>>> print(open('target_14.cif').read())   # mmCIF, C-alpha atoms
data_upload
#
loop_
_atom_site.group_PDB
_atom_site.id
_atom_site.type_symbol
_atom_site.label_atom_id
_atom_site.label_comp_id
_atom_site.auth_asym_id
_atom_site.auth_seq_id
_atom_site.Cartn_x
_atom_site.Cartn_y
_atom_site.Cartn_z
ATOM 1 C CA MET A 1185 0.000 0.000 0.000
ATOM 2 C CA ASP A 1186 1.290 3.394 -0.918
ATOM 3 C CA LEU A 1187 0.507 6.052 1.629
ATOM 4 C CA SER A 1188 3.145 8.417 0.274
ATOM 5 C CA GLN A 1189 0.715 9.823 -2.278
ATOM 6 C CA MET A 1190 -1.503 11.104 0.504
ATOM 7 C CA ASN A 1191 -1.287 14.492 2.116
ATOM 8 C CA SER A 1192 -0.585 14.842 5.820
ATOM 9 C CA ALA A 1193 -4.253 15.121 6.833
ATOM 10 C CA GLU A 1194 -5.038 11.923 4.962
ATOM 11 C CA GLN A 1195 -2.026 10.166 6.432
ATOM 12 C CA ALA A 1196 -3.106 11.156 9.931
ATOM 13 C CA HIS A 1197 -6.617 9.910 9.182
ATOM 14 C CA MET A 1198 -5.228 6.647 7.819
ATOM 15 C CA SER A 1199 -2.972 6.007 10.791
ATOM 16 C CA LYS A 1200 -5.974 6.427 13.101
ATOM 17 C CA ILE A 1201 -7.916 3.899 11.044
ATOM 18 C CA ILE A 1202 -4.939 1.529 10.986
ATOM 19 C CA GLU A 1203 -4.539 1.798 14.759
ATOM 20 C CA LYS A 1204 -8.197 0.920 15.259
ATOM 21 C CA LYS A 1205 -7.940 -2.009 12.865
ATOM 22 C CA GLN A 1206 -4.823 -3.317 14.574
ATOM 23 C CA MET A 1207 -6.685 -3.368 17.871
ATOM 24 C CA GLN A 1208 -9.636 -5.189 16.301
ATOM 25 C CA ASP A 1209 -7.274 -7.586 14.629
ATOM 26 C CA PHE A 1210 -5.475 -8.309 17.860
ATOM 27 C CA MET A 1211 -8.729 -9.065 19.684
ATOM 28 C CA ARG A 1212 -9.837 -11.324 16.864
ATOM 29 C CA MET A 1213 -6.490 -13.140 16.897
ATOM 30 C CA TYR A 1214 -6.722 -13.512 20.679
ATOM 31 C CA SER A 1215 -10.120 -15.158 20.664
ATOM 32 C CA ASN A 1216 -9.137 -17.318 17.712
ATOM 33 C CA LEU A 1217 -6.035 -18.484 19.520
ATOM 34 C CA VAL A 1218 -7.971 -19.290 22.684
ATOM 35 C CA ASP A 1219 -10.387 -21.331 20.610
ATOM 36 C CA ARG A 1220 -7.617 -23.144 18.740
ATOM 37 C CA CYS A 1221 -5.544 -23.985 21.811
ATOM 38 C CA PHE A 1222 -8.546 -24.909 23.895
ATOM 39 C CA ASN A 1223 -9.726 -27.362 21.280
ATOM 40 C CA ALA A 1224 -6.251 -28.791 20.771
ATOM 41 C CA CYS A 1225 -5.318 -29.149 24.440
ATOM 42 C CA CYS A 1226 -8.454 -29.615 26.505
ATOM 43 C CA ASN A 1227 -10.374 -32.809 25.939
ATOM 44 C CA ASP A 1228 -10.624 -34.213 29.442
ATOM 45 C CA PHE A 1229 -13.207 -32.728 31.784
ATOM 46 C CA THR A 1230 -12.787 -34.872 34.880
ATOM 47 C CA SER A 1231 -11.445 -31.784 36.621
ATOM 48 C CA LYS A 1232 -12.281 -28.123 36.244
ATOM 49 C CA ALA A 1233 -8.693 -26.944 36.663
ATOM 50 C CA LEU A 1234 -6.115 -27.058 33.890
ATOM 51 C CA SER A 1235 -3.699 -29.917 34.530
ATOM 52 C CA GLY A 1236 0.025 -29.285 34.305
ATOM 53 C CA LYS A 1237 0.089 -31.115 31.022
ATOM 54 C CA GLU A 1238 -2.775 -29.084 29.623
ATOM 55 C CA GLU A 1239 -1.178 -25.857 30.760
ATOM 56 C CA GLN A 1240 2.096 -26.760 29.072
ATOM 57 C CA CYS A 1241 0.174 -27.675 25.934
ATOM 58 C CA VAL A 1242 -1.598 -24.300 25.925
ATOM 59 C CA LEU A 1243 1.668 -22.409 26.410
ATOM 60 C CA ASN A 1244 3.337 -24.357 23.613
ATOM 61 C CA CYS A 1245 0.278 -23.887 21.421
ATOM 62 C CA ALA A 1246 0.315 -20.105 21.858
ATOM 63 C CA ASP A 1247 4.079 -19.942 21.409
ATOM 64 C CA LYS A 1248 3.951 -22.034 18.290
ATOM 65 C CA PHE A 1249 1.089 -20.065 16.800
ATOM 66 C CA LEU A 1250 2.985 -16.792 17.189
ATOM 67 C CA LYS A 1251 6.071 -18.285 15.581
ATOM 68 C CA HIS A 1252 3.933 -19.703 12.803
ATOM 69 C CA SER A 1253 2.281 -16.361 12.174
ATOM 70 C CA GLU A 1254 5.680 -14.645 12.194
ATOM 71 C CA ARG A 1255 6.963 -17.058 9.572
ATOM 72 C CA VAL A 1256 3.877 -16.641 7.401
ATOM 73 C CA GLY A 1257 4.294 -12.873 7.748
ATOM 74 C CA ALA A 1258 7.888 -13.083 6.560
ATOM 75 C CA ARG A 1259 6.962 -15.219 3.524
ATOM 76 C CA PHE A 1260 4.022 -12.889 2.836
ATOM 77 C CA ALA A 1261 6.304 -9.852 2.867
ATOM 78 C CA GLU A 1262 8.801 -11.591 0.589
ATOM 79 C CA HIS A 1263 6.056 -12.448 -1.857
ATOM 80 C CA ASN A 1264 4.775 -8.876 -1.861
ATOM 81 C CA ALA A 1265 8.274 -7.510 -2.405
ATOM 82 C CA ASP A 1266 8.760 -9.891 -5.340
ATOM 83 C CA ALA A 1267 5.410 -8.915 -6.839
ATOM 84 C CA MET A 1268 6.222 -5.228 -6.406
ATOM 85 C CA SER A 1269 9.581 -5.463 -8.151
ATOM 86 C CA ALA A 1270 8.003 -7.579 -10.915
ATOM 87 C CA THR A 1271 5.396 -4.897 -11.665
ATOM 88 C CA GLY A 1272 8.069 -2.205 -11.406
ATOM 89 C CA GLN A 1273 10.136 -3.843 -14.121
ATOM 90 C CA LYS A 1274 7.332 -3.919 -16.674
ATOM 91 C CA MET B 1378 -12.645 19.507 7.643
ATOM 92 C CA SER B 1379 -13.512 20.493 4.107
ATOM 93 C CA PHE B 1380 -16.471 19.165 2.183
ATOM 94 C CA LEU B 1381 -14.809 20.246 -1.010
ATOM 95 C CA GLY B 1382 -12.375 17.377 -0.669
ATOM 96 C CA ARG B 1383 -14.639 14.970 -2.506
ATOM 97 C CA GLY B 1384 -13.194 15.427 -5.952
ATOM 98 C CA SER B 1385 -10.134 13.751 -7.354
ATOM 99 C CA SER B 1386 -7.976 16.717 -6.494
ATOM 100 C CA THR B 1387 -7.871 17.837 -2.911
ATOM 101 C CA PRO B 1388 -6.994 21.255 -1.538
ATOM 102 C CA ALA B 1389 -3.900 21.048 0.652
ATOM 103 C CA GLY B 1390 -4.796 20.025 4.190
ATOM 104 C CA GLY B 1391 -8.116 18.404 3.227
ATOM 105 C CA VAL B 1392 -9.011 14.742 3.277
ATOM 106 C CA ASN B 1393 -9.918 13.059 0.014
ATOM 107 C CA HIS B 1394 -12.430 10.500 1.247
ATOM 108 C CA GLU B 1395 -12.402 8.578 -1.978
ATOM 109 C CA ARG B 1396 -8.673 8.050 -1.737
ATOM 110 C CA VAL B 1397 -8.855 7.128 1.957
ATOM 111 C CA ASP B 1398 -11.708 4.687 1.317
ATOM 112 C CA MET B 1399 -9.672 3.022 -1.421
ATOM 113 C CA ALA B 1400 -6.717 2.641 0.910
ATOM 114 C CA VAL B 1401 -8.951 1.246 3.673
ATOM 115 C CA GLN B 1402 -10.487 -1.239 1.266
ATOM 116 C CA GLU B 1403 -7.044 -2.370 0.158
ATOM 117 C CA LEU B 1404 -5.937 -2.677 3.761
ATOM 118 C CA ASP B 1405 -9.014 -4.746 4.621
ATOM 119 C CA MET B 1406 -8.405 -7.058 1.708
ATOM 120 C CA ILE B 1407 -4.743 -7.628 2.523
ATOM 121 C CA THR B 1408 -5.542 -8.177 6.200
ATOM 122 C CA ASP B 1409 -8.250 -10.651 5.287
ATOM 123 C CA ILE B 1410 -5.969 -12.612 2.973
ATOM 124 C CA PHE B 1411 -3.199 -12.650 5.541
ATOM 125 C CA ASN B 1412 -5.491 -13.867 8.317
ATOM 126 C CA LYS B 1413 -6.880 -16.612 6.109
ATOM 127 C CA LEU B 1414 -3.364 -17.596 5.145
ATOM 128 C CA VAL B 1415 -2.270 -17.865 8.783
ATOM 129 C CA SER B 1416 -5.359 -19.831 9.705
ATOM 130 C CA SER B 1417 -5.333 -22.246 6.767
ATOM 131 C CA CYS B 1418 -1.628 -23.026 6.902
ATOM 132 C CA HIS B 1419 -1.782 -23.468 10.668
ATOM 133 C CA THR B 1420 -4.585 -25.981 10.311
ATOM 134 C CA LYS B 1421 -2.774 -27.813 7.521
ATOM 135 C CA CYS B 1422 0.794 -27.773 8.811
ATOM 136 C CA ILE B 1423 0.917 -27.551 12.591
ATOM 137 C CA GLY B 1424 0.392 -30.714 14.582
ATOM 138 C CA THR B 1425 -1.898 -30.638 17.591
ATOM 139 C CA ARG B 1426 0.304 -32.462 20.088
ATOM 140 C CA TYR B 1427 2.175 -29.343 21.220
ATOM 141 C CA ALA B 1428 5.049 -31.191 22.837
ATOM 142 C CA GLU B 1429 7.226 -28.133 22.217
ATOM 143 C CA GLY B 1430 6.723 -24.457 21.470
ATOM 144 C CA ASP B 1431 8.905 -24.249 18.368
ATOM 145 C CA LEU B 1432 8.072 -25.036 14.789
ATOM 146 C CA ASN B 1433 9.866 -28.226 13.879
ATOM 147 C CA LYS B 1434 11.651 -28.648 10.582
ATOM 148 C CA GLY B 1435 8.811 -30.403 8.808
ATOM 149 C CA GLU B 1436 6.322 -27.803 9.950
ATOM 150 C CA SER B 1437 8.546 -24.938 8.847
ATOM 151 C CA VAL B 1438 8.972 -26.408 5.376
ATOM 152 C CA CYS B 1439 5.253 -27.079 5.213
ATOM 153 C CA VAL B 1440 4.449 -23.477 6.140
ATOM 154 C CA ASP B 1441 6.771 -22.087 3.463
ATOM 155 C CA ARG B 1442 5.238 -24.292 0.797
ATOM 156 C CA CYS B 1443 1.733 -23.621 2.069
ATOM 157 C CA VAL B 1444 2.192 -19.864 1.678
ATOM 158 C CA ALA B 1445 3.675 -20.223 -1.797
ATOM 159 C CA LYS B 1446 0.857 -22.515 -2.861
ATOM 160 C CA PHE B 1447 -1.790 -20.236 -1.422
ATOM 161 C CA PHE B 1448 -0.498 -17.389 -3.574
ATOM 162 C CA GLU B 1449 -0.428 -19.609 -6.604
ATOM 163 C CA VAL B 1450 -4.049 -20.545 -5.998
ATOM 164 C CA ASN B 1451 -4.845 -16.875 -5.476
ATOM 165 C CA LYS B 1452 -3.318 -16.115 -8.863
ATOM 166 C CA LYS B 1453 -5.026 -18.995 -10.664
ATOM 167 C CA VAL B 1454 -8.456 -18.161 -9.260
ATOM 168 C CA GLY B 1455 -7.889 -14.512 -10.131
ATOM 169 C CA GLU B 1456 -6.985 -15.369 -13.709
ATOM 170 C CA LYS B 1457 -9.982 -17.648 -13.993
ATOM 171 C CA LEU B 1458 -12.360 -14.997 -12.702
ATOM 172 C CA GLN B 1459 -10.847 -12.450 -15.009
ATOM 173 C CA SER B 1460 -11.186 -14.689 -18.043
ATOM 174 C CA MET B 1461 -14.810 -15.286 -17.142
ATOM 175 C CA GLY B 1462 -15.311 -11.553 -17.019
ATOM 176 C CA GLY B 1463 -16.596 -11.876 -13.482
ATOM 177 C CA ALA B 1464 -13.724 -9.981 -11.962
ATOM 178 C CA ALA B 1465 -15.758 -6.810 -12.121
ATOM 179 C CA ALA B 1466 -18.162 -8.230 -9.510
ATOM 180 C CA GLY B 1467 -16.078 -6.886 -6.656
ATOM 181 C CA GLY B 1468 -15.577 -3.641 -8.485
ATOM 182 C CA GLY B 1469 -11.980 -3.517 -7.452
ATOM 183 C CA GLY B 1470 -10.282 -5.753 -9.974
ATOM 184 C CA LEU B 1471 -7.648 -8.269 -8.971
ATOM 185 C CA PRO B 1472 -5.759 -8.284 -5.738
ATOM 186 C CA SER B 1473 -2.194 -7.802 -6.883
ATOM 187 C CA LEU B 1474 -0.521 -10.015 -4.332
#
>>> encode(input="target_14.cif", output="structure tokens")
Amino acid sequence: MDLSQMNSAEQAHMSKIIEKKQMQDFMRMYSNLVDRCFNACCNDFTSKALSGKEEQCVLNCADKFLKHSERVGARFAEHNADAMSATGQK
Amino acid sequence: MSFLGRGSSTPAGGVNHERVDMAVQELDMITDIFNKLVSSCHTKCIGTRYAEGDLNKGESVCVDRCVAKFFEVNKKVGEKLQSMGGAAAGGGGLPSL
């Protein structure tokens, strides 16, 4: 996305919108992650407390998801950079 | 601030809503694609045992290929839609990812 073509008022407006969207996106990611890790780790309801094993599973699950999303982000950025330079060369 | 900022040219200091809306739409689309990419490749590549918190080698390779393949599918579907003339349905043309 090219924000450099915008004037300062538009850029300020955009950064407010982006900030709001980042917050929304974070909340969405949070609830998604809870759902994912809960479903992956918690299948035994003989106790209402998380067992040590379940807790470790949840921590690993969250950790792994963040690393996964980081890696996807890196590949995504690489792809975008490639696509950008390809259109620039035309 | 200014209601005259609707046109394609904007007086300095005004906000061109059309231009901002376009940027927001693009942002929404990219965010949506990225989130779907993260979700799909996680489901397809990451095991559910969670014995450790790091991506193992197989998972890492899978993620890289998954992302590449997703983009290829994105391109193929885009080309297909375009050839069918249905690309105008969204009004925005093809996502250039």
>>> interface_residues(input="target_14.cif", of="chain A", to="chain B", cutoff="10 Å", atoms="only C-alpha atoms", output="VMD selection string")
chain A and resid 1185 to 1187 1189 to 1198 1201 to 1202 1205 to 1206 1209 1212 to 1213 1216 to 1217 1220 to 1221 1223 to 1225 1237 to 1238 1240 to 1261 1263 to 1268 1271
>>> atom_distance(input="target_14.cif", atom1="atom CA of A:Leu1234", atom2="atom CA of A:Phe1222")
10.5 Å
>>> atom_distance(input="target_14.cif", atom1="atom CA of B:Lys1453", atom2="atom CA of A:Gly1272")
21.3 Å
>>> atom_distance(input="target_14.cif", atom1="atom CA of B:Lys1413", atom2="atom CA of A:Tyr1214")
14.9 Å
>>> axis_aligned_box(input="target_14.cif", around="stretch 1192-1204 of chain A", padding_each_side="5 Å", output="JSON")
{"center_x": -4.4, "center_y": 8.0, "center_z": 10.1, "size_x": 17.6, "size_y": 24.2, "size_z": 20.3}
>>> build_atoms(input="target_14.cif", residues="stretch 1241-1266 of chain A", atoms="N, CA and C atoms", output="tab-separated table (two decimals), in the frame of the given file")
chain	number	residue	atom	x	y	z
A	1241	CYS	N	0.68	-27.58	27.31
A	1241	CYS	CA	0.17	-27.68	25.93
A	1241	CYS	C	-0.32	-26.32	25.45
A	1242	VAL	N	-1.06	-25.61	26.30
A	1242	VAL	CA	-1.60	-24.30	25.92
A	1242	VAL	C	-0.46	-23.30	25.69
A	1243	LEU	N	0.53	-23.33	26.58
A	1243	LEU	CA	1.67	-22.41	26.41
A	1243	LEU	C	2.42	-22.70	25.11
A	1244	ASN	N	2.66	-23.98	24.86
A	1244	ASN	CA	3.34	-24.36	23.61
A	1244	ASN	C	2.51	-23.97	22.39
A	1245	CYS	N	1.19	-24.19	22.52
A	1245	CYS	CA	0.28	-23.89	21.42
A	1245	CYS	C	0.34	-22.40	21.07
A	1246	ALA	N	0.27	-21.55	22.10
A	1246	ALA	CA	0.32	-20.10	21.86
A	1246	ALA	C	1.67	-19.70	21.28
A	1247	ASP	N	2.73	-20.24	21.86
A	1247	ASP	CA	4.08	-19.94	21.41
A	1247	ASP	C	4.25	-20.31	19.93
A	1248	LYS	N	3.79	-21.51	19.64
A	1248	LYS	CA	3.95	-22.03	18.29
A	1248	LYS	C	3.13	-21.22	17.29
A	1249	PHE	N	1.94	-20.83	17.71
A	1249	PHE	CA	1.09	-20.07	16.80
A	1249	PHE	C	1.76	-18.74	16.44
A	1250	LEU	N	2.34	-18.08	17.44
A	1250	LEU	CA	2.98	-16.79	17.19
A	1250	LEU	C	4.17	-16.97	16.25
A	1251	LYS	N	4.93	-18.04	16.47
A	1251	LYS	CA	6.07	-18.28	15.58
A	1251	LYS	C	5.59	-18.60	14.16
A	1252	HIS	N	4.52	-19.37	14.10
A	1252	HIS	CA	3.93	-19.70	12.80
A	1252	HIS	C	3.51	-18.43	12.08
A	1253	SER	N	2.81	-17.56	12.80
A	1253	SER	CA	2.28	-16.36	12.17
A	1253	SER	C	3.42	-15.41	11.76
A	1254	GLU	N	4.49	-15.42	12.55
A	1254	GLU	CA	5.68	-14.64	12.19
A	1254	GLU	C	6.28	-15.15	10.87
A	1255	ARG	N	6.38	-16.46	10.77
A	1255	ARG	CA	6.96	-17.06	9.57
A	1255	ARG	C	6.10	-16.78	8.34
A	1256	VAL	N	4.78	-16.93	8.51
A	1256	VAL	CA	3.88	-16.64	7.40
A	1256	VAL	C	4.01	-15.17	7.01
A	1257	GLY	N	4.12	-14.30	8.02
A	1257	GLY	CA	4.29	-12.87	7.75
A	1257	GLY	C	5.54	-12.59	6.93
A	1258	ALA	N	6.63	-13.28	7.28
A	1258	ALA	CA	7.89	-13.08	6.56
A	1258	ALA	C	7.75	-13.54	5.11
A	1259	ARG	N	7.15	-14.71	4.89
A	1259	ARG	CA	6.96	-15.22	3.52
A	1259	ARG	C	6.04	-14.29	2.74
A	1260	PHE	N	5.00	-13.80	3.43
A	1260	PHE	CA	4.02	-12.89	2.84
A	1260	PHE	C	4.73	-11.62	2.35
A	1261	ALA	N	5.58	-11.07	3.21
A	1261	ALA	CA	6.30	-9.85	2.87
A	1261	ALA	C	7.23	-10.10	1.69
A	1262	GLU	N	7.91	-11.25	1.70
A	1262	GLU	CA	8.80	-11.59	0.59
A	1262	GLU	C	8.03	-11.66	-0.72
A	1263	HIS	N	6.87	-12.31	-0.65
A	1263	HIS	CA	6.06	-12.45	-1.86
A	1263	HIS	C	5.64	-11.08	-2.38
A	1264	ASN	N	5.20	-10.22	-1.46
A	1264	ASN	CA	4.78	-8.88	-1.86
A	1264	ASN	C	5.92	-8.09	-2.47
A	1265	ALA	N	7.11	-8.22	-1.88
A	1265	ALA	CA	8.27	-7.51	-2.40
A	1265	ALA	C	8.59	-8.00	-3.81
A	1266	ASP	N	8.52	-9.32	-4.02
A	1266	ASP	CA	8.76	-9.89	-5.34
A	1266	ASP	C	7.74	-9.36	-6.35
